[in-house]
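Participant: Here you go, this is query06.tsv (TSV, C-alpha atoms).
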```tsv
chain	number	residue	atom	x	y	z
W	26	TYR	CA	-9.13	-32.84	58.22
W	27	GLU	CA	-8.35	-35.28	55.44
W	28	SER	CA	-8.47	-35.49	51.68
W	29	ALA	CA	-8.18	-39.21	51.07
W	30	ASN	CA	-9.32	-40.52	47.69
W	31	VAL	CA	-12.22	-42.58	49.03
W	32	SER	CA	-15.89	-43.10	48.21
W	33	ASP	CA	-18.72	-40.99	49.60
W	34	SER	CA	-19.82	-43.86	51.84
W	35	THR	CA	-16.48	-44.06	53.64
W	36	TYR	CA	-17.36	-41.31	56.10
W	37	ILE	CA	-20.24	-41.34	58.55
W	38	ASP	CA	-22.38	-38.87	56.60
W	39	GLY	CA	-22.18	-41.13	53.55
W	40	LEU	CA	-23.26	-44.09	55.66
W	41	LEU	CA	-26.11	-42.01	57.07
W	42	THR	CA	-27.23	-41.18	53.54
W	43	GLN	CA	-27.35	-44.87	52.63
W	44	LYS	CA	-29.44	-45.53	55.75
W	45	VAL	CA	-31.87	-42.71	54.90
W	46	ILE	CA	-32.24	-44.02	51.33
W	47	GLN	CA	-33.06	-47.48	52.67
W	48	ASP	CA	-35.56	-45.90	55.07
W	49	LEU	CA	-37.28	-44.13	52.18
W	50	LYS	CA	-37.63	-47.39	50.29
W	51	GLN	CA	-39.20	-49.04	53.34
W	52	LEU	CA	-41.47	-46.08	54.04
W	53	LYS	CA	-42.70	-46.22	50.44
W	54	LYS	CA	-43.63	-49.88	50.96
W	55	ASN	CA	-45.46	-49.05	54.21
W	56	GLN	CA	-47.72	-46.58	52.40
W	57	LYS	CA	-48.20	-44.53	55.58
W	58	PRO	CA	-47.42	-40.91	56.47
W	59	PHE	CA	-43.90	-40.53	57.88
W	60	PHE	CA	-41.50	-38.15	59.57
W	61	LEU	CA	-37.87	-38.82	58.68
W	62	THR	CA	-34.75	-36.87	59.67
W	63	ALA	CA	-31.21	-36.88	58.31
W	64	GLY	CA	-28.65	-35.21	60.56
W	65	PHE	CA	-25.29	-34.54	58.91
W	66	ILE	CA	-22.13	-34.02	60.94
W	67	ASN	CA	-20.49	-32.05	58.13
W	68	PRO	CA	-19.57	-29.30	57.78
W	69	HIS	CA	-18.08	-29.73	61.24
W	70	LEU	CA	-14.65	-30.30	62.67
W	71	PRO	CA	-12.69	-32.29	61.67
W	72	PHE	CA	-13.22	-31.41	58.01
W	73	ASN	CA	-13.37	-34.90	56.50
W	74	ALA	CA	-14.49	-35.30	52.89
W	75	PRO	CA	-13.48	-37.43	49.89
W	76	LYS	CA	-10.74	-35.94	47.72
W	77	LYS	CA	-13.05	-35.04	44.82
W	78	TYR	CA	-14.78	-32.42	46.96
W	79	TRP	CA	-11.49	-30.81	47.92
W	80	ASP	CA	-10.59	-30.80	44.23
W	81	LEU	CA	-13.65	-28.67	43.43
W	82	TYR	CA	-11.76	-25.67	44.82
W	83	ASP	CA	-8.47	-24.20	43.68
W	84	ARG	CA	-6.54	-23.39	46.84
W	85	LYS	CA	-4.99	-20.37	45.14
W	86	THR	CA	-8.40	-18.72	44.81
W	87	ILE	CA	-9.45	-19.21	48.45
W	88	LYS	CA	-9.29	-16.00	50.48
W	89	GLN	CA	-9.45	-15.22	54.16
W	90	PRO	CA	-12.29	-12.85	55.11
W	91	GLU	CA	-11.58	-9.13	54.92
W	92	ASN	CA	-11.82	-8.81	58.71
W	93	TYR	CA	-9.74	-11.89	59.58
W	94	ASN	CA	-7.04	-10.01	61.48
W	95	TYR	CA	-8.99	-7.51	63.58
W	96	THR	CA	-11.93	-7.43	65.96
W	97	PRO	CA	-14.84	-5.00	65.53
W	98	LYS	CA	-14.15	-1.40	66.47
W	99	ASP	CA	-15.22	-0.76	70.09
W	100	ALA	CA	-16.31	-4.38	70.52
W	101	PRO	CA	-16.38	-5.81	74.07
W	102	GLU	CA	-13.46	-8.16	74.70
W	103	ILE	CA	-15.90	-10.70	76.13
W	104	SER	CA	-17.65	-10.90	72.75
W	105	ILE	CA	-14.63	-12.41	70.98
W	106	SER	CA	-14.43	-16.19	71.14
W	107	ASN	CA	-11.16	-17.99	71.85
W	108	TRP	CA	-12.48	-20.91	69.73
W	109	ALA	CA	-11.59	-23.57	72.29
W	110	GLU	CA	-13.26	-26.29	70.20
W	111	MET	CA	-10.73	-25.90	67.39
W	112	ARG	CA	-7.78	-25.50	69.77
W	113	GLY	CA	-8.35	-29.08	70.90
W	114	TYR	CA	-6.81	-30.32	67.64
W	115	SER	CA	-3.09	-31.14	67.56
W	116	ASN	CA	-2.04	-28.79	64.75
W	117	ILE	CA	-3.84	-25.74	66.16
W	118	PRO	CA	-1.91	-23.37	68.48
W	119	LYS	CA	-3.18	-23.16	72.05
W	120	HIS	CA	-2.84	-19.38	71.96
W	121	GLY	CA	-2.90	-16.78	69.22
W	122	GLN	CA	-3.97	-17.06	65.60
W	123	VAL	CA	-3.30	-19.82	63.08
W	124	SER	CA	-0.90	-19.15	60.23
W	125	ASP	CA	-2.33	-17.77	56.99
W	126	SER	CA	-1.49	-21.04	55.26
W	127	LEU	CA	-3.36	-23.11	57.84
W	128	ALA	CA	-6.28	-20.67	57.67
W	129	ILE	CA	-6.58	-21.34	53.93
W	130	ASP	CA	-6.42	-25.09	54.61
W	131	LEU	CA	-9.27	-24.79	57.11
W	132	ILE	CA	-11.44	-22.67	54.84
W	133	HIS	CA	-10.74	-25.11	52.01
W	134	GLY	CA	-11.83	-27.96	54.28
W	135	TYR	CA	-15.05	-26.18	55.17
W	136	TYR	CA	-15.86	-25.63	51.51
W	137	ALA	CA	-15.13	-29.28	50.71
W	138	THR	CA	-17.36	-30.60	53.49
W	139	VAL	CA	-20.20	-28.28	52.49
W	140	SER	CA	-19.99	-29.63	48.94
W	141	TYR	CA	-19.81	-33.21	50.22
W	142	THR	CA	-22.95	-32.69	52.31
W	143	ASP	CA	-24.66	-30.96	49.40
W	144	ALA	CA	-24.01	-34.00	47.18
W	145	LEU	CA	-25.38	-36.38	49.84
W	146	ILE	CA	-28.53	-34.30	50.22
W	147	GLY	CA	-28.90	-34.52	46.45
W	148	GLU	CA	-28.79	-38.32	46.67
W	149	ILE	CA	-31.60	-38.31	49.22
W	150	LEU	CA	-33.74	-35.96	47.13
W	151	LYS	CA	-33.07	-38.12	44.06
W	152	GLU	CA	-34.31	-41.18	45.95
W	153	LEU	CA	-37.39	-39.25	47.03
W	154	GLU	CA	-38.18	-38.75	43.34
W	155	THR	CA	-37.33	-42.36	42.47
W	156	GLN	CA	-39.82	-43.57	45.06
W	157	LYS	CA	-42.40	-41.09	43.69
W	158	LEU	CA	-42.66	-39.40	47.07
W	159	SER	CA	-41.48	-35.93	46.09
W	160	ASP	CA	-44.97	-34.73	45.16
W	161	SER	CA	-46.34	-35.53	48.60
W	162	THR	CA	-43.43	-34.87	50.98
W	163	LEU	CA	-42.48	-31.69	52.81
W	164	VAL	CA	-38.72	-31.16	52.86
W	165	ILE	CA	-36.92	-28.81	55.23
W	166	LEU	CA	-33.20	-28.02	55.08
W	167	VAL	CA	-31.80	-26.22	58.11
W	168	SER	CA	-28.55	-25.81	60.03
W	169	ASP	CA	-28.24	-25.57	63.80
W	170	HIS	CA	-25.86	-22.60	63.76
W	171	GLY	CA	-23.63	-20.45	61.59
W	172	TYR	CA	-19.85	-20.75	61.45
W	173	ASN	CA	-16.90	-18.40	61.76
W	174	LEU	CA	-14.10	-18.83	59.22
W	175	GLN	CA	-11.69	-16.36	60.88
W	176	GLU	CA	-14.10	-13.40	60.81
W	177	HIS	CA	-12.94	-11.02	63.55
W	178	THR	CA	-10.10	-13.49	64.36
W	179	GLN	CA	-12.68	-16.16	65.31
W	180	TRP	CA	-13.28	-19.76	64.29
W	181	THR	CA	-16.20	-22.16	64.85
W	182	LYS	CA	-19.49	-21.07	66.39
W	183	PHE	CA	-19.56	-19.91	70.00
W	184	THR	CA	-20.32	-16.19	69.60
W	185	ASN	CA	-23.22	-13.76	69.54
W	186	TYR	CA	-22.11	-12.45	66.16
W	187	ASN	CA	-24.22	-12.82	63.04
W	188	THR	CA	-21.74	-15.29	61.56
W	189	SER	CA	-22.76	-17.72	64.32
W	190	THR	CA	-26.43	-16.86	64.78
W	191	GLN	CA	-27.72	-16.80	61.18
W	192	VAL	CA	-28.52	-20.11	59.51
W	193	PRO	CA	-29.84	-21.32	56.15
W	194	LEU	CA	-33.50	-22.38	56.02
W	195	ILE	CA	-35.22	-23.90	52.99
W	196	ILE	CA	-38.79	-25.20	53.09
W	197	PHE	CA	-40.18	-27.17	50.15
W	198	ASP	CA	-43.93	-27.70	50.08
W	199	PRO	CA	-44.99	-29.68	46.99
W	200	LEU	CA	-48.50	-28.23	47.27
W	201	SER	CA	-47.36	-24.61	47.39
W	202	LYS	CA	-47.91	-22.29	44.43
W	203	THR	CA	-45.30	-19.83	45.73
W	204	ASN	CA	-41.61	-20.01	44.83
W	205	GLY	CA	-38.74	-17.77	45.80
W	206	SER	CA	-36.83	-16.42	48.78
W	207	THR	CA	-37.66	-14.00	51.56
W	208	ASN	CA	-35.85	-11.74	54.01
W	209	ALA	CA	-38.56	-12.14	56.63
W	210	LEU	CA	-37.17	-12.44	60.15
W	211	THR	CA	-37.73	-15.97	61.44
W	212	SER	CA	-36.44	-18.29	64.15
W	213	LEU	CA	-35.73	-22.02	64.31
W	214	ILE	CA	-38.49	-22.38	66.91
W	215	ASP	CA	-40.91	-21.46	64.11
W	216	ILE	CA	-40.27	-24.71	62.24
W	217	TYR	CA	-42.43	-26.94	64.46
W	218	PRO	CA	-45.64	-24.88	64.26
W	219	THR	CA	-45.02	-24.48	60.51
W	220	LEU	CA	-44.85	-28.24	60.01
W	221	VAL	CA	-47.89	-28.79	62.19
W	222	GLU	CA	-49.99	-26.37	60.15
W	223	LEU	CA	-48.78	-27.66	56.77
W	224	CYS	CA	-49.67	-31.20	57.87
W	225	GLY	CA	-53.18	-30.11	58.85
W	226	PHE	CA	-52.80	-30.48	62.62
W	227	LYS	CA	-53.47	-28.03	65.44
W	228	ALA	CA	-50.50	-26.79	67.44
W	229	PRO	CA	-50.68	-26.44	71.25
W	230	LYS	CA	-50.46	-22.64	71.17
W	231	GLU	CA	-50.20	-22.18	74.92
W	232	GLN	CA	-46.95	-24.23	74.96
W	233	LEU	CA	-45.17	-22.69	71.98
W	234	ASP	CA	-43.07	-19.58	71.45
W	235	GLY	CA	-42.73	-20.44	67.77
W	236	ILE	CA	-44.91	-18.82	65.09
W	237	SER	CA	-46.04	-20.64	61.96
W	238	LEU	CA	-44.29	-19.48	58.79
W	239	VAL	CA	-47.16	-20.55	56.55
W	240	PRO	CA	-48.36	-16.94	55.99
W	241	ILE	CA	-44.84	-16.03	54.86
W	242	LEU	CA	-44.66	-19.07	52.58
W	243	LYS	CA	-47.81	-17.79	50.90
W	244	ASN	CA	-46.67	-14.16	50.77
W	245	LEU	CA	-42.91	-13.67	50.58
W	246	GLU	CA	-43.28	-9.91	51.08
W	247	LEU	CA	-44.32	-10.27	54.74
W	248	GLU	CA	-41.84	-8.92	57.29
W	249	GLY	CA	-41.96	-11.85	59.74
W	250	ARG	CA	-41.10	-11.38	63.40
W	251	LYS	CA	-40.28	-8.02	64.95
W	252	HIS	CA	-37.35	-9.54	66.82
W	253	ILE	CA	-35.50	-12.78	67.60
W	254	PHE	CA	-34.08	-13.68	71.02
W	255	ILE	CA	-30.69	-15.44	71.08
W	256	LYS	CA	-28.67	-16.65	74.07
W	257	ARG	CA	-25.04	-17.74	74.23
W	258	THR	CA	-23.87	-18.38	77.83
W	259	ASN	CA	-24.11	-14.89	79.40
W	260	GLY	CA	-24.53	-13.11	76.07
W	261	PHE	CA	-28.14	-12.18	75.30
W	262	THR	CA	-28.95	-10.91	71.82
W	263	LEU	CA	-32.03	-9.26	70.37
W	264	LYS	CA	-32.07	-9.35	66.56
W	265	THR	CA	-34.33	-7.21	64.40
W	266	LYS	CA	-34.19	-6.83	60.64
W	267	ALA	CA	-32.14	-3.66	61.02
W	268	PHE	CA	-30.05	-4.24	64.15
W	269	SER	CA	-28.39	-6.80	66.41
W	270	TYR	CA	-28.17	-5.76	70.06
W	271	THR	CA	-26.32	-7.80	72.71
W	272	GLU	CA	-25.84	-7.48	76.44
W	273	PHE	CA	-23.38	-9.55	78.46
W	274	ILE	CA	-25.10	-10.07	81.79
W	275	THR	CA	-23.63	-11.27	85.09
W	276	MET	CA	-26.09	-13.96	86.08
W	277	GLU	CA	-25.62	-13.58	89.85
W	278	ASP	CA	-26.98	-10.03	90.05
W	279	ASN	CA	-28.24	-9.38	86.49
W	280	SER	CA	-25.77	-6.53	86.07
W	281	ILE	CA	-24.65	-5.61	82.56
W	282	GLN	CA	-20.94	-6.26	81.93
W	283	ASP	CA	-20.88	-4.77	78.47
W	284	LYS	CA	-23.02	-4.37	75.38
W	285	MET	CA	-22.86	-4.00	71.62
W	286	LEU	CA	-25.08	-2.85	68.78
W	287	TYR	CA	-24.54	-3.51	65.09
W	288	ASP	CA	-26.39	-1.69	62.33
W	289	HIS	CA	-27.17	-4.40	59.78
W	290	ARG	CA	-28.55	-1.87	57.33
W	291	GLU	CA	-25.04	-0.55	56.74
W	292	ASN	CA	-22.74	-3.17	58.23
W	293	LYS	CA	-23.96	-6.79	58.16
W	294	VAL	CA	-20.39	-7.98	58.71
W	295	GLU	CA	-20.47	-6.15	62.07
W	296	ASN	CA	-17.14	-4.35	61.93
W	297	THR	CA	-18.21	-1.43	64.14
W	298	ASN	CA	-19.98	-1.53	67.49
W	299	VAL	CA	-22.18	1.59	67.51
W	300	VAL	CA	-23.86	1.09	70.90
W	301	TYR	CA	-22.09	4.10	72.47
W	302	LYS	CA	-22.58	6.45	69.53
W	303	LYS	CA	-24.95	9.31	70.33
W	304	GLU	CA	-27.14	8.80	67.25
W	305	PHE	CA	-27.89	5.20	68.30
W	306	GLN	CA	-28.71	5.82	71.97
W	307	SER	CA	-32.49	5.75	71.56
W	308	ILE	CA	-32.33	2.55	69.49
W	309	ALA	CA	-30.05	0.87	72.03
W	310	SER	CA	-32.31	1.91	74.90
W	311	GLU	CA	-35.44	0.63	73.20
W	312	MET	CA	-33.81	-2.69	72.28
W	313	SER	CA	-32.49	-3.06	75.82
W	314	GLN	CA	-35.98	-2.69	77.25
W	315	THR	CA	-37.35	-5.26	74.81
W	316	LEU	CA	-34.45	-7.62	75.46
W	317	HIS	CA	-35.03	-7.55	79.22
W	318	SER	CA	-38.75	-8.15	78.84
W	319	VAL	CA	-38.06	-11.20	76.67
W	320	TYR	CA	-35.27	-12.36	78.99
W	321	GLN	CA	-37.56	-12.12	81.99
W	322	ARG	CA	-40.24	-14.23	80.29
W	323	ASN	CA	-37.68	-16.89	79.42
W	324	ILE	CA	-36.37	-17.31	82.99
W	325	GLU	CA	-39.80	-17.35	84.66
```
I need this file expressed as structure tokens, please.
Facilitator:
Amino acid sequence: YESANVSDSTYIDGLLTQKVIQDLKQLKKNQKPFFLTAGFINPHLPFNAPKKYWDLYDRKTIKQPENYNYTPKDAPEISISNWAEMRGYSNIPKHGQVSDSLAIDLIHGYYATVSYTDALIGEILKELETQKLSDSTLVILVSDHGYNLQEHTQWTKFTNYNTSTQVPLIIFDPLSKTNGSTNALTSLIDIYPTLVELCGFKAPKEQLDGISLVPILKNLELEGRKHIFIKRTNGFTLKTKAFSYTEFITMEDNSIQDKMLYDHRENKVENTNVVYKKEFQSIASEMSQTLHSVYQRNIE
């Protein structure tokens, strides 16, 4: 990571933003419908951002997460990532945890790169207004994964924990009369059918697992999906609004190595694996059956 006093356009995301702004100007001239993407590397290792974004945060106020130095109670060892991606950097130990000081540096860097990306997105949205396209353009902001900042001793993304599997999703429809947020359960595969419907096209239903979010955009009180299926190597997760259930499956014979269940009604930070507690046996059994039915459909 770096905190050089440079302009926003010094790093690749700043250059990307300039390219997207130029694209918007050209698309305005073309006067035709368009689909335009802007993929930002940040916030991603290494945490590179101009100094002014680091300066937004007082290092003395940055805290490690409450659960930075312990893994969840009764959690399977296989569920805890060794964060190999970060260990590839020269100042990161090959084994064991980083120092508390370095942890604060890393969290600071993540905050700075989030703010840097936020500012660049603002520049694109500003240009959308300048070109008088904001009243006729759908805008979707989404991330590809969550990120661990030392929660349960973990860094980066390669886990089945909620810190890795939950992402931000914002959909702006200039024609919508509904504003607000929702806790409806949705999946990233729902974005395509949502866009198709909002653009007035017909989706090839027989080829899609995704479900259009348009009904939810019209009524924020809807519950959304009953469950979400998530896969990370041999970790298979079924997420409902109330629970996250994971099985670690040996692919050769489909045997279960271990499993975990987290009650998100009481413990969204997932500090206690309750899968073996008597009062959760029926829930775990039901989610296991559903998980295997979804898993079977995905491998056929």
Participant: Skipping near chain neighbours, those fewer than 6 positions away, what residues fall within 8 Å of Tyr82 in chain W using all atoms listed in the file, listed as a PyMOL selection string?
Facilitator: chain W and resi 133+136-137
Participant: Distance CA of Ile196 in chain W-CA of Leu163 in chain W, one decimal place?
Facilitator: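 It comes out at 7.5 Å.
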Participant: Pick the closest to Leu286 in chain W from W:Lys202, W:Lys76, W:Lys98, W:Lys57: which is it, counting only C-alpha atoms?
Facilitator: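 Of all the options, W:Lys98 lies closest to Leu286 in chain W.
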Participant: To one decimal in Å, tell me the separation between CA of Asp80 in chain W and CA of Gly134 in chain W.
Facilitator: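 Separating CA of Asp80 in chain W from CA of Gly134 in chain W is a distance of 10.5 Å.
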Participant: For a quick check of understanding, using all atoms listed in the file, which of W:Thr138, W:Ser124, W:Thr207, W:Thr190 has the smallest distance to Gln175 in chain W?
Facilitator: W:Ser124
Participant: Ranking W:Asn67, W:Thr62, W:Ser237, W:Ser201 by minimum distance to Asp143 in chain W and counting all atoms listed in the file, which one comes first?
Facilitator: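 The closest residue to Asp143 in chain W is W:Asn67.
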Participant: So which one's closest to Tyr186 in chain W, W:Lys266, W:Arg257, W:Lys251, W:Lys85? Using only C-alpha atoms, please.
Facilitator: W:Arg257
Participant: Quick one, how far is CA of Ile37 in chain W from CA of Leu145 in chain W?
Facilitator: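 Atom-to-atom, CA of Ile37 in chain W and CA of Leu145 in chain W are spaced 11.3 Å apart.
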Participant: Can you pull out the residues contacting Pro199 in chain W? Cut-off 7 Å, using only C-alpha atoms, and skip same-chain residues under 5 positions away; I want them as a ChimeraX atom specification.
Facilitator: /W:160-163
Participant: For a cutoff of 8 Å around the file-coordinate point (-41.8, -13.3, 57.5), which residues qualify once you count only C-alpha atoms? I'd like the result as a list of chain:residue names.
Facilitator: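 The requested residues, written out, are W:Thr207, W:Asn208, W:Ala209, W:Leu210, W:Thr211, W:Leu238, W:Pro240, W:Ile241, W:Leu245, W:Glu246, W:Leu247, W:Glu248, W:Gly249, W:Arg250.
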Participant: List the neighbours of Leu131 in chain W out to 8 Å using only C-alpha atoms; skip same-chain residues closer than 4 positions along the sequence, and give me the result as a list in words.
Facilitator: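 Non-adjacent residues within range: Phe72, Leu127, Tyr135 and Leu174 of chain W.
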Participant: Restricting the calculation to all atoms listed in the file, which member of W:His317, W:Ile103, W:Asn292, W:Lys227 is positioned closest to Thr258 in chain W?
Facilitator: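 Of the candidates, the smallest distance to Thr258 in chain W is held by W:Ile103.
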Participant: Show which residues sit within 12 Å of Glu148 in chain W, as number ranges by chain. Count all atoms listed in the file, and ignore same-chain residues fewer than 2 positions away.
Facilitator: W: 33-34, 38-39, 41-47, 49, 63, 141-146, 150-155
Participant: With distances taken over only C-alpha atoms, which residue among W:Tyr320, W:Phe60, W:Tyr93, W:Phe226 lies nearest Met276 in chain W?
Facilitator: W:Tyr320
Participant: Got a minute to add N, CA, C and O atoms to range 70-83 of chain W and dump it as a compact mmCIF listing (two decimals), keeping the file's coordinate frame?
Facilitator:
```txt
# COMPACT_ATOMS: atom_id res chain seq x y z
N LEU W 70 -15.97 -29.77 62.38
CA LEU W 70 -14.65 -30.30 62.67
C LEU W 70 -14.73 -31.77 63.08
O LEU W 70 -15.66 -32.15 63.78
N PRO W 71 -13.74 -32.58 62.66
CA PRO W 71 -12.69 -32.29 61.67
C PRO W 71 -13.26 -32.32 60.26
O PRO W 71 -14.23 -33.03 60.01
N PHE W 72 -12.69 -31.55 59.36
CA PHE W 72 -13.22 -31.41 58.01
C PHE W 72 -12.83 -32.61 57.15
O PHE W 72 -11.85 -32.60 56.41
N ASN W 73 -13.63 -33.68 57.25
CA ASN W 73 -13.37 -34.90 56.50
C ASN W 73 -14.30 -34.98 55.29
O ASN W 73 -15.52 -34.90 55.44
N ALA W 74 -13.71 -35.14 54.12
CA ALA W 74 -14.49 -35.30 52.89
C ALA W 74 -13.63 -36.00 51.85
O ALA W 74 -12.40 -35.85 51.84
N PRO W 75 -14.25 -36.79 50.96
CA PRO W 75 -13.48 -37.43 49.89
C PRO W 75 -12.74 -36.40 49.04
O PRO W 75 -13.16 -35.24 48.91
N LYS W 76 -11.64 -36.83 48.45
CA LYS W 76 -10.74 -35.94 47.72
C LYS W 76 -11.44 -35.14 46.62
O LYS W 76 -11.11 -33.97 46.39
N LYS W 77 -12.43 -35.73 45.96
CA LYS W 77 -13.05 -35.04 44.82
C LYS W 77 -13.72 -33.74 45.23
O LYS W 77 -13.85 -32.82 44.41
N TYR W 78 -14.13 -33.65 46.50
CA TYR W 78 -14.78 -32.42 46.96
C TYR W 78 -13.75 -31.34 47.30
O TYR W 78 -14.02 -30.16 47.16
N TRP W 79 -12.58 -31.76 47.74
CA TRP W 79 -11.49 -30.81 47.92
C TRP W 79 -11.05 -30.29 46.54
O TRP W 79 -10.72 -29.11 46.40
N ASP W 80 -11.07 -31.17 45.56
CA ASP W 80 -10.59 -30.80 44.23
C ASP W 80 -11.53 -29.83 43.51
O ASP W 80 -11.16 -29.27 42.48
N LEU W 81 -12.73 -29.64 44.03
CA LEU W 81 -13.65 -28.67 43.43
C LEU W 81 -13.14 -27.24 43.57
O LEU W 81 -13.57 -26.35 42.84
N TYR W 82 -12.22 -27.02 44.51
CA TYR W 82 -11.76 -25.67 44.82
C TYR W 82 -10.26 -25.54 44.61
O TYR W 82 -9.47 -26.37 45.07
N ASP W 83 -9.88 -24.51 43.90
CA ASP W 83 -8.47 -24.20 43.68
C ASP W 83 -7.97 -23.43 44.91
O ASP W 83 -8.45 -22.34 45.20
```
